[in-house]
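Encoded as structure tokens, the structure appears first; notes follow it.
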Amino acid sequence: MAYWLVKSEPSVYSWEKFEKDKYATWDGVRSYAARIHLNAMKKGDEVFFYHSNEGLAIVGIAKVAREAYQDPTSEDPKWVAVDLVPFKKLKKAVTLEQIKSNRQLSGMALVRIGRLSVSPVTDKEYKAILVLAGEK
């Protein structure tokens, strides 16, 4: 299993709305690097849900329910979407400040390439986030 992180502004699409909807098509991504990551996602992979711009924190974990397919918001077949389902709200949100101040997480794509909307998370980073969230 691989781990990922997706970003959403809570005023646009929050974790609470995601839980209420019970699934989301992660579409509209127009970054070449993010597209590579969407294409690499496999069913069952776990995905951190990060509130960007407001809150600046990882607030939950989703799972990939459907692997990459033609993005319904684009006519260009190169752009893809995935379907995500909520898996678990974190006991404690993990803030960007906490992540930046943790040596184990200094190489995390969220820190290094902050503008990237979909990014990979290593096993080590995943476990460290769960500890900060009070999950382990």
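Ligands are numbered from 1 in the order shown, residues from 1 within each chain, and chains are lettered A, B, ... in the order they appear in the structure tokens.
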Which residues in segment 3-45 of chain A does DSSP call alpha helix (DSSP H)? List them as a ChimeraX atom specification.
/A:15-21,32-40
Name all residues at most 8 Å from Ala81 of chain A (count only C-alpha atoms; drop same-chain ones fewer than 5 positions away) and give them as a list in words.
Thr25, Trp26, Asp27, Gly28, Val29, Leu38, Glu67, Ala68, Tyr69, Gln70, Asp71 and Pro72 of chain A
Of A:Asn39, A:Thr122, A:Thr95, A:Ser52, the one sitting nearest Met108 of chain A when using only C-alpha atoms is A:Thr122
Would you give me, as an MDAnalysis selection string, the residues in segment 4-104 of chain A that DSSP reads as strand (DSSP E or B)?
chainID A and resid 4:8 24:26 46:51 57:70 80:95
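With only C-alpha atoms taken into account, the protein and nucleic acid residues at most 12 Å from Tyr13 of chain A (excluding it and anything under 2 positions from it in its own chain) are Val6, Lys7, Ser8, Glu9, Pro10, Ser11, Trp15, Glu16, Lys17, Phe18, Glu19, Lys20, Asp21, Tyr23, Ala24, Thr25, Trp26, Phe49, Tyr50, His51, Ser52, Asn53 and Glu54 of chain A.
Using only C-alpha atoms for every distance, the candidate list A:Val85, A:Ile61, A:Ile36, A:Phe48 yields A:Phe48 as the residue closest to Val121 of chain A.
Ranking A:Pro120, A:Gly134, A:Gly55, A:Pro86 by their shortest atom-to-atom distance to His37 of chain A, with only C-alpha atoms included, puts A:Pro120 first.
What separates atom CA of Leu5 of chain A from atom CA of Ser101 of chain A is a distance of 18.4 Å.
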